[in-house]
Amino acid sequence: MEGGLIRDFAILIGTAGVAGFIFHFLRLPLLLGYILSGLIIGPHLFFSQYIQNYEILHQFGDLGVIFLMFYIGLEFDLDKLRRTLGPSLLVVIFQTAIMMFVGILSEKFLGWSGLNGLFLGALMAISSTMMTIPVLKEQNVLNTHFAQLTIGVLVMEDFVAILLLIVLSGISASGFFEWKEVWQVTFFVGVFVVMVFVLGRLSGTKIAFWLQKMGSTELLVLVAVGFALFLGEIADKMHFSAELGAFLAGSVLSQSIIAHKIDEVTEPLRNVFCAVFFVTIGMLIDPVKISEHWLAIVIISLVVTVAQIFVCWFGLFLSGEESKTSFYAAIYKAQIGEFSFVIAALGNSLGVTDPSLMTLAVGVSVFKIVLGSLLRKYIEPLYKALTKIAPRAVLNMGQFYLNFLQVAKMEIGKMTLLRETKGFLLRLIWYFLLIVGLMGLSSYLSSLVGGDTLSFTTGRETLSLIVVWGVAAFIIMPIFTGVVRNIDAIISLIWDKILTSIDYSGKQDNRSIQVMHHVVLGIVLLFFGIIFVSVSSNYIPTGYPLTVFVLLSMLQGIFFWRDLLQSNNRFERMFRETFIAEVHEKEDEYRNAILQKAKEQYPWSVQIKNYRLPKNSAYVGKKISGLKIRENTGTTIAAVSRSGYTCYSPSPDAILFPDDHLLLMGETEQIEAAMELLSEEASEAVRANRMEFAIDNYCITPTSTFLGKTIAETGIRSRFGVNIVGIQRYGEKITTPDPLMALEKDDILILTGPKQAIEKLKESELTLAL
């Protein structure tokens with residue numbers, strides 16, 4: 001039918017637009033308007049065929065899910081995901097178990113048997129990202145703590161949905177539960193996440209830089225959308241989900257300098273296809289079937305709502321979150337949606353569930369949208385009412401538990417061995433998953449090349465396989481070097497603790513201790529190798545490719561070990577430099593935004609000027625109070641920016657360093673006078689006696705003598721005359737760090753002081769490390 005799809009899409013968008021306008025005017029949720037429009041143009045209400053290409057429109061609706069997950073990835077960076085991982089995991093485990101139990105109990109009530117209860121419990125265990133995120137964004141609470149917890153749980157539920165689809169498929173086919181499949185899928189999801197993150201971080205920054213430099217909105221949209229769809233397709237091919245791939249695509253780009261621009265240019269697409277998704281949900285509603293099961297829908301909706309809220313609330317509370325924060329997060333996520341429909345459709349396609357399961361899923365979803373709107377509207381009075389009727393003993397017990405948990409976390413944090421080895425263990429896991437991912441990628445490339453890896457016959461295909469695995473050996477060995485370095489660092493820390501505990505004074509044979517150290521290292525590496533072979537056996541080649549891979553790896557390890565160490569250092573340095581560059585560019589962008597905001601707040605003659613203090617200025621090394629800049633010129637120093645850190649309303653005792661960025665505020669004439677004052681050059685005598693100040697970065701490596709020590713214990717200030725003014729720890733910027741803070745591996749120290757002193761510090765560290 002020529003033009004049929006365009007006509008269908010026009011009807012869908014037009015109806016959704018009219019319904020959205022009406023519901024916005026009535027101050028009702030737009031989602032309900034979209035669903036109602038789907039019911040009107042669907043095949044069930046008026047028994048008419050307004051729409052003819054239902055399947056294609058449902059695929060358009062799936063694009064809405066992908067774009068929304070991409071947006072979540074852009075807004076929800078991996079650092080936030082790391083902080084909410086523990087609470088989210090606890091909630092998801094509790095919720096899945098409880099919902100499965102409720103689903104099985106509901107079988108008798110519904111007159112079902114077989115696997116219907118398991119499928120019902122599974123679809124009730126997964127909340128709707130599509131219906132939760134728009135509400136959080138519409139109410140402008142997306143960046144609140146409870147919303148971040150809600151999103152963390154939703155992301156974890158997407159992982160659980162993948163596992164449930166595989167488990168339910170296995171049970172339907174074999175009749176029993178397969179733990180092996182669950183662990184395999186969990187592991188390879190981890191491998192996929194690490195591979196995407198590492199490769200994305202290595203290439204994403206440069207791509208973002210070129211896109212920003214080109215300044216083409218059209219190209220930016222194409223690259224961003226293409227990247228989300230590309231990773232979504234790869235995830236789908238690996239039997240995960242396109243939503244997971246889109247979320248990771250957004251996470252990779254979330255730290256780039258163009259993240260906000262990507263969000264801005266893709267928002268229209270996201271809004272259109274999200275509306276399409278909800279309209280297609282409305283098309284699934286069959287009023288006749290829902291009327292036949294209305295009692296079951298109402299009862300299941302109420303039971304699931306209460307159960308989900310209680311389980312999420314209780315799980316987050318057990319993880320140490322405040323009761324009110326946990327309650328808010330639980331209310332906002334009490335909804336089922338897109339993955340629930342997929343689970344219901346799976347049971348129908350396998351022929352193991354009752355046909356009414358999909359009707360129940362749709363009915364419960366729609367009913368809970370209305371119920372959720374009421375709960376969110378009265379969330380504050382509801383929480384106060386619940387806390388008022390709760391027994392005082394329960395409230396006291398809850399407060400005691402939170403206090404106990406806080407003290408326990410503080411005590412665990414004082415365990416030096418755990419704190420010192422944590423970074424090494426995390427890095428070891430990352431390297432392990434990355435190596436497995438590279439082996440899988442090499443195996444996939446081998447399958448494209450073709451050839452029989454079991455034979456030792458020569459030929460063009462075999463030579464191609466040898467080239468693939470030869471290149472893989474050169475890429476994997478520097479990463480394997482990182483594995484050895486991290487294991488060795490962990491063993492060294494444990495040895496130090498043991499020797500300290502037995503009051504080792506150095507009289508024993510140091511050579512014997514070194515031999516024992518290497519023996520333990522060999523045993524651990526052997527154990528590591530066994531685990532690696534067991535999980536990646538499907539990817540390991542045979543025949544000539546395996547021979548070449550092993551020989552090249554061994555030759556590199558024997559003859560080029562130092563080169564491998566340097567390659568590993570460069571690999572890690574690429575991440576650090578990428579991160580530092582992004583921080584500096586974001587700081588410039590943020591500084592400009594502050595300037596613009598200040599101009600908007602002071603629209604009169606007051607101006608804001610960014611001034612860079614020259615190295616030869618007479619005021620370098622002096623306190624702000626010593627400038628008397630306000631008394632002499634009438635200008636105020638509103639902020640001082642230094643090495644990616646900005647201090648607003650700086651203290652009068654703050655010392656100025658060369659190349660500091662000063663935000664000067666005043667009238668045009670006043671600022672010009674201040675700039676003229678600050679540009680005065682110091683006399684030759686003063687410059688001759690002045691030590692050259694510098695600002696530099698220093699990274700804590702596994703061999704650093706500062707690793708695991710507190711700032712006070714390092715003696716950096718007393719021994720070298722250098723100050724630590726900031727610490728970059730992964731995605732966290734720590735200004736004015738506490739002297740009792742312990743330094744961790746990969747910490748980037750922001751040092752200020754005489755240039756010669758900083759160089760002396762670095763030379764001393766290098767000598768001790770060697």
# chains A, B, ... in the order shown; residues from 1 in each chain; ligands from 1

$ residues_around --residues "Ile285 of chain A" --least-positions-apart "4" --cutoff "12 Å" --atoms "only C-alpha atoms" --output "PDB file with N, CA and C atoms, in the first residue's frame"
ATOM      1  N   ILE A  35      -1.600   7.545  25.788  1.00  0.00           N
ATOM      2  CA  ILE A  35      -2.202   6.207  25.851  1.00  0.00           C
ATOM      3  C   ILE A  35      -3.658   6.251  25.394  1.00  0.00           C
ATOM      4  N   LEU A  36      -4.394   7.302  25.792  1.00  0.00           N
ATOM      5  CA  LEU A  36      -5.788   7.434  25.363  1.00  0.00           C
ATOM      6  C   LEU A  36      -5.880   7.589  23.843  1.00  0.00           C
ATOM      7  N   SER A  37      -4.966   8.348  23.247  1.00  0.00           N
ATOM      8  CA  SER A  37      -4.982   8.513  21.791  1.00  0.00           C
ATOM      9  C   SER A  37      -4.715   7.178  21.101  1.00  0.00           C
ATOM     10  N   GLY A  38      -3.835   6.350  21.694  1.00  0.00           N
ATOM     11  CA  GLY A  38      -3.593   5.019  21.137  1.00  0.00           C
ATOM     12  C   GLY A  38      -4.821   4.148  21.209  1.00  0.00           C
ATOM     13  N   LEU A  39      -5.572   4.262  22.310  1.00  0.00           N
ATOM     14  CA  LEU A  39      -6.819   3.499  22.443  1.00  0.00           C
ATOM     15  C   LEU A  39      -7.832   3.925  21.385  1.00  0.00           C
ATOM     16  N   ILE A  40      -7.885   5.226  21.098  1.00  0.00           N
ATOM     17  CA  ILE A  40      -8.870   5.736  20.131  1.00  0.00           C
ATOM     18  C   ILE A  40      -8.575   5.250  18.720  1.00  0.00           C
ATOM     19  N   ILE A  41      -7.313   5.286  18.309  1.00  0.00           N
ATOM     20  CA  ILE A  41      -6.977   4.898  16.935  1.00  0.00           C
ATOM     21  C   ILE A  41      -6.616   3.428  16.818  1.00  0.00           C
ATOM     22  N   GLY A  42      -6.632   2.708  17.942  1.00  0.00           N
ATOM     23  CA  GLY A  42      -6.305   1.290  17.925  1.00  0.00           C
ATOM     24  C   GLY A  42      -7.430   0.446  17.345  1.00  0.00           C
ATOM     25  N   PRO A  43      -7.202  -0.858  17.247  1.00  0.00           N
ATOM     26  CA  PRO A  43      -8.176  -1.737  16.579  1.00  0.00           C
ATOM     27  C   PRO A  43      -9.293  -2.239  17.493  1.00  0.00           C
ATOM     28  N   HIS A  44      -9.263  -1.884  18.808  1.00  0.00           N
ATOM     29  CA  HIS A  44     -10.171  -2.540  19.740  1.00  0.00           C
ATOM     30  C   HIS A  44     -11.364  -1.696  20.154  1.00  0.00           C
ATOM     31  N   LEU A  45     -11.245  -0.357  20.144  1.00  0.00           N
ATOM     32  CA  LEU A  45     -12.312   0.472  20.690  1.00  0.00           C
ATOM     33  C   LEU A  45     -13.482   0.606  19.726  1.00  0.00           C
ATOM     34  N   PHE A 278       4.162   5.417  23.823  1.00  0.00           N
ATOM     35  CA  PHE A 278       2.976   5.387  24.678  1.00  0.00           C
ATOM     36  C   PHE A 278       1.693   5.255  23.855  1.00  0.00           C
ATOM     37  N   VAL A 279       1.683   5.812  22.659  1.00  0.00           N
ATOM     38  CA  VAL A 279       0.522   5.627  21.790  1.00  0.00           C
ATOM     39  C   VAL A 279       0.373   4.156  21.407  1.00  0.00           C
ATOM     40  N   THR A 280       1.491   3.492  21.104  1.00  0.00           N
ATOM     41  CA  THR A 280       1.426   2.070  20.751  1.00  0.00           C
ATOM     42  C   THR A 280       0.997   1.223  21.942  1.00  0.00           C
ATOM     43  N   ILE A 281       1.314   1.668  23.168  1.00  0.00           N
ATOM     44  CA  ILE A 281       0.809   0.971  24.358  1.00  0.00           C
ATOM     45  C   ILE A 281      -0.715   1.091  24.416  1.00  0.00           C
ATOM     46  N   LYS A 289     -11.605  -7.291  26.769  1.00  0.00           N
ATOM     47  CA  LYS A 289     -10.831  -8.249  27.572  1.00  0.00           C
ATOM     48  C   LYS A 289     -10.509  -7.686  28.955  1.00  0.00           C
ATOM     49  N   ILE A 290     -10.219  -6.391  29.009  1.00  0.00           N
ATOM     50  CA  ILE A 290      -9.911  -5.792  30.308  1.00  0.00           C
ATOM     51  C   ILE A 290     -11.141  -5.805  31.205  1.00  0.00           C
ATOM     52  N   SER A 291     -12.330  -5.589  30.627  1.00  0.00           N
ATOM     53  CA  SER A 291     -13.555  -5.636  31.425  1.00  0.00           C
ATOM     54  C   SER A 291     -13.803  -7.041  31.968  1.00  0.00           C
ATOM     55  N   MET A 358      -1.014 -11.178  28.663  1.00  0.00           N
ATOM     56  CA  MET A 358      -0.727  -9.887  28.058  1.00  0.00           C
ATOM     57  C   MET A 358      -1.798  -8.865  28.420  1.00  0.00           C
ATOM     58  N   THR A 359      -3.052  -9.290  28.468  1.00  0.00           N
ATOM     59  CA  THR A 359      -4.139  -8.389  28.864  1.00  0.00           C
ATOM     60  C   THR A 359      -3.932  -7.883  30.285  1.00  0.00           C
ATOM     61  N   LEU A 360      -3.538  -8.789  31.182  1.00  0.00           N
ATOM     62  CA  LEU A 360      -3.272  -8.386  32.557  1.00  0.00           C
ATOM     63  C   LEU A 360      -2.101  -7.402  32.626  1.00  0.00           C
ATOM     64  N   ALA A 361      -1.053  -7.660  31.836  1.00  0.00           N
ATOM     65  CA  ALA A 361       0.128  -6.786  31.848  1.00  0.00           C
ATOM     66  C   ALA A 361      -0.249  -5.371  31.410  1.00  0.00           C
ATOM     67  N   VAL A 362      -1.014  -5.273  30.337  1.00  0.00           N
ATOM     68  CA  VAL A 362      -1.417  -3.963  29.833  1.00  0.00           C
ATOM     69  C   VAL A 362      -2.361  -3.273  30.817  1.00  0.00           C
ATOM     70  N   GLY A 363      -3.327  -4.026  31.336  1.00  0.00           N
ATOM     71  CA  GLY A 363      -4.287  -3.445  32.269  1.00  0.00           C
ATOM     72  C   GLY A 363      -3.629  -2.957  33.548  1.00  0.00           C
ATOM     73  N   VAL A 364      -2.743  -3.773  34.109  1.00  0.00           N
ATOM     74  CA  VAL A 364      -2.037  -3.377  35.330  1.00  0.00           C
ATOM     75  C   VAL A 364      -1.174  -2.153  35.072  1.00  0.00           C
ATOM     76  N   SER A 365      -0.516  -2.125  33.909  1.00  0.00           N
ATOM     77  CA  SER A 365       0.349  -0.988  33.573  1.00  0.00           C
ATOM     78  C   SER A 365      -0.447   0.310  33.523  1.00  0.00           C
ATOM     79  N   VAL A 366      -1.592   0.293  32.831  1.00  0.00           N
ATOM     80  CA  VAL A 366      -2.411   1.506  32.705  1.00  0.00           C
ATOM     81  C   VAL A 366      -2.996   1.912  34.057  1.00  0.00           C
ATOM     82  N   PHE A 367      -3.500   0.933  34.811  1.00  0.00           N
ATOM     83  CA  PHE A 367      -4.094   1.233  36.116  1.00  0.00           C
ATOM     84  C   PHE A 367      -3.050   1.843  37.063  1.00  0.00           C
TER      85      PHE A 367
END

$ residues_around --residues "segment 231-235 of chain A" --least-positions-apart "5" --cutoff "6 Å" --atoms "only C-alpha atoms" --output "MDAnalysis selection string"
chainID A and resid 240:242 245:246

$ write_last_selection --atoms "all heavy atoms" --output "compact mmCIF listing (two decimals), in the first residue's frame"
# COMPACT_ATOMS: atom_id res chain seq x y z
N PHE A 240 21.76 -9.49 24.59
CA PHE A 240 21.48 -8.67 25.76
C PHE A 240 20.21 -7.88 25.45
O PHE A 240 19.14 -8.45 25.35
CB PHE A 240 22.66 -7.75 26.08
CG PHE A 240 23.95 -8.50 26.36
CD1 PHE A 240 25.18 -8.00 25.97
CD2 PHE A 240 23.91 -9.72 27.02
CE1 PHE A 240 26.35 -8.69 26.24
CE2 PHE A 240 25.07 -10.42 27.29
CZ PHE A 240 26.29 -9.91 26.89
N SER A 241 20.33 -6.58 25.31
CA SER A 241 19.17 -5.77 24.90
C SER A 241 19.68 -4.49 24.27
O SER A 241 20.74 -3.96 24.65
CB SER A 241 18.27 -5.45 26.10
OG SER A 241 18.89 -4.50 26.94
N ALA A 242 18.92 -3.99 23.30
CA ALA A 242 19.29 -2.73 22.65
C ALA A 242 19.28 -1.58 23.64
O ALA A 242 20.05 -0.63 23.51
CB ALA A 242 18.34 -2.45 21.48
N GLY A 245 22.66 -1.30 25.35
CA GLY A 245 23.65 -0.68 24.48
C GLY A 245 23.46 0.82 24.38
O GLY A 245 24.44 1.58 24.42
N ALA A 246 22.21 1.27 24.29
CA ALA A 246 21.95 2.71 24.21
C ALA A 246 22.34 3.41 25.50
O ALA A 246 22.88 4.53 25.48
CB ALA A 246 20.47 2.95 23.90

$ residues_around --residues "Lys709 of chain A" --least-positions-apart "5" --cutoff "8 Å" --atoms "only C-alpha atoms" --output "JSON, numbers by chain"
{"A": [714, 742, 743]}

$ write_last_selection --atoms "N, CA and C atoms" --output "PDB file, in the first residue's frame"
ATOM      1  N   THR A 714      52.955  11.613  54.262  1.00  0.00           N
ATOM      2  CA  THR A 714      53.882  11.741  53.139  1.00  0.00           C
ATOM      3  C   THR A 714      54.956  12.788  53.413  1.00  0.00           C
ATOM      4  N   ALA A 742      43.874   9.374  53.077  1.00  0.00           N
ATOM      5  CA  ALA A 742      44.857   8.445  52.521  1.00  0.00           C
ATOM      6  C   ALA A 742      44.867   8.557  50.998  1.00  0.00           C
ATOM      7  N   LEU A 743      46.038   8.492  50.428  1.00  0.00           N
ATOM      8  CA  LEU A 743      46.188   8.573  48.978  1.00  0.00           C
ATOM      9  C   LEU A 743      45.994   7.199  48.355  1.00  0.00           C
TER      10      LEU A 743
END

$ residues_around --residues "segment 322-331 of chain A" --least-positions-apart "2" --cutoff "9 Å" --atoms "only C-alpha atoms" --output "MDAnalysis selection string"
chainID A and resid 145:151 305 308:317 320 333:335 372 375:376 379:380 383 398 402

$ residues_around --residues "Gln52 of chain A" --least-positions-apart "4" --cutoff "8 Å" --atoms "only C-alpha atoms" --output "PyMOL selection string"
chain A and resi 4-5+8

$ write_last_selection --atoms "C-alpha atoms" --output "PDB file, in the first residue's frame"
ATOM      1  CA  GLY A   4       0.241   3.686   3.985  1.00  0.00           C
ATOM      2  CA  LEU A   5       3.048   4.000   6.519  1.00  0.00           C
ATOM      3  CA  ASP A   8      -0.435   5.818   9.697  1.00  0.00           C
TER       4      ASP A   8
END

$ closest_residue --among "A:Leu551, A:Asn486, A:Leu123, A:Ser443" --to "Gly347 of chain A" --atoms "only C-alpha atoms"
A:Leu123

$ residues_around --residues "Val221 of chain A" --least-positions-apart "4" --cutoff "12 Å" --atoms "only C-alpha atoms" --output "PyMOL selection string"
chain A and resi 211+215-217+225-228+258-259+261-270

$ closest_residue --among "A:Phe339, A:Ala224, A:Ser625, A:Lys755" --to "Leu165 of chain A" --atoms "only C-alpha atoms"
A:Phe339

$ atom_distance --atom1 "atom CA of Ser447 of chain A" --atom2 "atom CA of Pro478 of chain A"
24.6 Å

$ select_by_dssp --residues "segment 101-132 of chain A" --states "alpha helix (DSSP H)" --output "list in words"
Phe101, Val102, Gly103, Ile104, Leu105, Ser106, Glu107, Lys108, Phe109, Leu110, Asn116, Gly117, Leu118, Phe119, Leu120, Gly121, Ala122, Leu123, Met124, Ala125, Thr129, Met130, Met131 and Thr132 of chain A

$ write_last_selection --atoms "N, CA, C and O atoms" --output "compact mmCIF listing (two decimals), in the first residue's frame"
# COMPACT_ATOMS: atom_id res chain seq x y z
N PHE A 101 7.50 -14.68 44.14
CA PHE A 101 6.67 -15.36 45.14
C PHE A 101 5.20 -14.94 44.99
O PHE A 101 4.29 -15.78 45.03
N VAL A 102 4.97 -13.63 44.82
CA VAL A 102 3.60 -13.13 44.64
C VAL A 102 2.99 -13.69 43.36
O VAL A 102 1.81 -14.08 43.33
N GLY A 103 3.78 -13.78 42.30
CA GLY A 103 3.27 -14.31 41.03
C GLY A 103 2.85 -15.77 41.15
O GLY A 103 1.80 -16.17 40.62
N ILE A 104 3.65 -16.56 41.85
CA ILE A 104 3.30 -17.98 42.03
C ILE A 104 2.04 -18.13 42.87
O ILE A 104 1.17 -18.97 42.58
N LEU A 105 1.91 -17.30 43.93
CA LEU A 105 0.71 -17.36 44.76
C LEU A 105 -0.53 -16.93 43.99
O LEU A 105 -1.66 -17.38 44.30
N SER A 106 -0.36 -16.06 42.98
CA SER A 106 -1.51 -15.55 42.22
C SER A 106 -2.06 -16.58 41.23
O SER A 106 -3.14 -16.37 40.67
N GLU A 107 -1.31 -17.66 40.99
CA GLU A 107 -1.77 -18.66 40.01
C GLU A 107 -3.13 -19.23 40.38
O GLU A 107 -4.04 -19.32 39.53
N LYS A 108 -3.30 -19.62 41.64
CA LYS A 108 -4.56 -20.24 42.06
C LYS A 108 -5.71 -19.23 42.00
O LYS A 108 -6.82 -19.58 41.62
N PHE A 109 -5.42 -17.99 42.38
CA PHE A 109 -6.45 -16.95 42.33
C PHE A 109 -6.95 -16.73 40.91
O PHE A 109 -8.14 -16.49 40.69
N LEU A 110 -6.05 -16.83 39.93
CA LEU A 110 -6.41 -16.61 38.53
C LEU A 110 -6.84 -17.88 37.82
O LEU A 110 -7.22 -17.83 36.65
N ASN A 116 2.72 -20.03 34.39
CA ASN A 116 2.08 -18.72 34.36
C ASN A 116 2.50 -17.84 35.53
O ASN A 116 2.73 -16.64 35.39
N GLY A 117 2.62 -18.45 36.72
CA GLY A 117 2.98 -17.70 37.90
C GLY A 117 4.39 -17.11 37.81
O GLY A 117 4.62 -15.97 38.23
N LEU A 118 5.32 -17.90 37.26
CA LEU A 118 6.69 -17.40 37.11
C LEU A 118 6.74 -16.22 36.15
O LEU A 118 7.41 -15.21 36.42
N PHE A 119 6.05 -16.34 35.03
CA PHE A 119 6.04 -15.23 34.06
C PHE A 119 5.33 -14.00 34.63
O PHE A 119 5.77 -12.87 34.40
N LEU A 120 4.26 -14.22 35.39
CA LEU A 120 3.56 -13.09 36.01
C LEU A 120 4.47 -12.39 37.03
O LEU A 120 4.56 -11.15 37.06
N GLY A 121 5.17 -13.18 37.86
CA GLY A 121 6.10 -12.60 38.83
C GLY A 121 7.23 -11.85 38.16
O GLY A 121 7.65 -10.79 38.62
N ALA A 122 7.72 -12.39 37.04
CA ALA A 122 8.83 -11.75 36.33
C ALA A 122 8.41 -10.39 35.76
O ALA A 122 9.14 -9.41 35.87
N LEU A 123 7.24 -10.33 35.15
CA LEU A 123 6.82 -9.05 34.55
C LEU A 123 6.46 -8.02 35.62
O LEU A 123 6.54 -6.81 35.38
N MET A 124 6.07 -8.49 36.82
CA MET A 124 5.80 -7.55 37.91
C MET A 124 7.08 -7.06 38.57
O MET A 124 7.09 -6.05 39.27
N ALA A 125 8.19 -7.78 38.39
CA ALA A 125 9.45 -7.43 39.06
C ALA A 125 10.20 -6.31 38.36
O ALA A 125 11.14 -5.75 38.93
N THR A 129 11.10 2.14 32.92
CA THR A 129 11.96 3.31 32.73
C THR A 129 11.24 4.37 31.91
O THR A 129 11.33 5.58 32.19
N MET A 130 10.51 3.93 30.89
CA MET A 130 9.82 4.85 29.99
C MET A 130 8.77 5.69 30.71
O MET A 130 8.49 6.83 30.32
N MET A 131 8.19 5.15 31.76
CA MET A 131 7.12 5.87 32.45
C MET A 131 7.62 6.62 33.68
O MET A 131 6.92 7.49 34.20
N THR A 132 8.81 6.30 34.14
CA THR A 132 9.35 6.93 35.34
C THR A 132 10.19 8.15 35.01
O THR A 132 10.02 9.22 35.62
